Amino acid sequence: MARLQNNSLGYGLKQALLAGATLAVLAWAQPARAESLLDIAPTPELAPGQAWATVAEMMMVYYDVPNTGPGEMQCSLAFFLTGAQNCYKAPEESEFSAVSRVVKGYSQFAHESFGEIPVAMRWEEAKTITPQDIVQEIKFERPVLVQIEPAPNEGETKAEKRAVLIVGFDGGPENLQLIINDPKVYQPTQNPYLEFGGRIRDNSGQYQIGYADFLSFLKWSATLYKIKPD
């Protein structure tokens with residue numbers, strides 16, 4: 001009788017192990033769909049036309065780059081770009097260009113200003129990157145700076161080359177949803193994210209939108225990625 005019981009237990013154990021292995025294979029075959037989000041809080045622009053400075057500040061704070069001061073960090077970033085004390089970028093420079101120059105040079109300038117060892121940033125440039133690249137960048141805890149050119153709103157004479165930040169994603173490469181920090185304050189009826197199928201995640205300036213819609217309708221046209229301190 002004892003032998004029969006042992007055989008029965010052995011068979012049950014084998015079945016449990018087989019079921020566990022099957023579940024493991026299924027889990028491996030079906031990529032996780034959980035949301036991934038970096039710790040970069042959305043913040044609205046301080047004034048019209050200052051969204052670029054808010055994006056640049058988000059990135060510098062994320063990478064623990066000090067403010068050279070003495071005032072607001074956004075003014076320090078503008079001073080780094082122009083040498084002027086007015087807290088604005090040069091009007092002829094695009095938002096993406098201004099933020100890119102901050103990413104590429106401000107960290108070294110800031111650390112040297114405090115007599116510290118300079119910390120340079122590494123990066124790569126591209127026109128756009130794939131859903132797989134987005135997933136990898138967020139998994140490696142690196143925000144992605146992108147340029148968009150949405151249609152001009154009422155009162156704007158031409159489309160702007162704007163800078164926004166990809167800070168997370170939801171879904172997988174087949175159905176990727178991007179999570180975007182965009183500080184620009186849009187009129188409710190003139191918000192390009194809502195117009196093209198996206199949604200508001202945070203009223204301070206965070207949106208979620210499909211990868212394909214973002215690429216096509218918001219006209220994603222340039223990228224700075226693999227950003228990390230050297």
# chains A, B, ... in the order shown; residues from 1 in each chain; ligands from 1
>>> closest_atom_pairs(of="range 96-139 of chain A", to="range 156-180 of chain A", cutoff="6 Å", atoms="only C-alpha atoms", output="CSV")
residue,atom,partner,partner_atom,distance
A:Phe96,CA,A:Ala163,CA,4.6
A:Pro131,CA,A:Pro173,CA,5.1
A:Gln132,CA,A:Pro173,CA,5.7
>>> closest_residue(among="A:Ala151, A:Gly210, A:Tyr88, A:Leu145", to="Asn181 in chain A", atoms="only C-alpha atoms")
A:Leu145
>>> select_by_dssp(residues="range 54-108 of chain A", states="alpha helix (DSSP H)", output="ChimeraX atom specification")
/A:54-62,73-82,95-108
>>> closest_residue(among="A:Gln147, A:Ala98, A:Ser113, A:Phe217", to="Gly69 in chain A", atoms="only C-alpha atoms")
A:Ser113
>>> closest_residue(among="A:Ala84, A:Ala53, A:Leu224, A:Tyr62", to="Glu141 in chain A", atoms="only C-alpha atoms")
A:Tyr62
>>> closest_residue(among="A:Pro188, A:Pro48, A:Pro183, A:Gly71", to="Gln206 in chain A", atoms="only C-alpha atoms")
A:Pro183
>>> closest_residue(among="A:Leu37, A:Tyr106, A:Ala222, A:Thr68", to="Gln208 in chain A", atoms="only C-alpha atoms")
A:Leu37
>>> residues_around(residues="Ser100 in chain A", least_positions_apart="3", cutoff="12 Å", atoms="only C-alpha atoms", output="ChimeraX atom specification")
/A:52-53,55-57,59-60,77,81,93-97,103-107,121-125,144-147,162-165,222-225,227
>>> closest_residue(among="A:Ala51, A:Ala126, A:Val119, A:Val65", to="Val99 in chain A", atoms="only C-alpha atoms")
A:Ala51
>>> residues_around(residues="Ser221 in chain A", least_positions_apart="3", cutoff="7 Å", atoms="only C-alpha atoms", output="compact mmCIF listing (two decimals) with C-alpha atoms, in the first residue's frame")
# COMPACT_ATOMS: atom_id res chain seq x y z
CA LYS A 127 15.83 60.57 -37.14
CA THR A 128 13.50 58.16 -35.33
CA GLN A 147 11.64 66.56 -32.02
CA ILE A 148 8.04 66.89 -33.17
>>> atom_distance(atom1="CA of Pro152 in chain A", atom2="CA of Phe79 in chain A")
28.0 Å
>>> atom_distance(atom1="CA of Val185 in chain A", atom2="CA of Gly49 in chain A")
9.6 Å
>>> atom_distance(atom1="CA of Asp202 in chain A", atom2="CA of Thr43 in chain A")
9.4 Å
>>> select_by_dssp(residues="range 30-212 of chain A", states="strand (DSSP E or B)", output="ChimeraX atom specification")
/A:36-37,121-126,144-148,162-170,177-181,199-202,206-210
>>> residues_around(residues="Phe140 in chain A", least_positions_apart="5", cutoff="10 Å", atoms="only C-alpha atoms", output="number ranges by chain")
A: 38, 134-135, 226, 228
>>> write_last_selection(atoms="N, CA and C atoms", output="PDB file, in the first residue's frame")
ATOM      1  N   LEU A  38       9.761  56.222 -16.167  1.00  0.00           N
ATOM      2  CA  LEU A  38      10.892  56.810 -15.450  1.00  0.00           C
ATOM      3  C   LEU A  38      10.392  57.820 -14.416  1.00  0.00           C
ATOM      4  N   ILE A 134      12.893  51.979 -28.105  1.00  0.00           N
ATOM      5  CA  ILE A 134      12.232  52.708 -27.021  1.00  0.00           C
ATOM      6  C   ILE A 134      12.183  51.845 -25.761  1.00  0.00           C
ATOM      7  N   VAL A 135      11.743  50.600 -25.926  1.00  0.00           N
ATOM      8  CA  VAL A 135      11.663  49.685 -24.782  1.00  0.00           C
ATOM      9  C   VAL A 135      13.024  49.548 -24.125  1.00  0.00           C
ATOM     10  N   LYS A 226      20.225  57.083 -26.029  1.00  0.00           N
ATOM     11  CA  LYS A 226      21.398  56.492 -25.367  1.00  0.00           C
ATOM     12  C   LYS A 226      22.133  57.566 -24.573  1.00  0.00           C
ATOM     13  N   LYS A 228      23.582  59.238 -21.428  1.00  0.00           N
ATOM     14  CA  LYS A 228      24.057  58.822 -20.097  1.00  0.00           C
ATOM     15  C   LYS A 228      25.363  59.536 -19.772  1.00  0.00           C
TER      16      LYS A 228
END
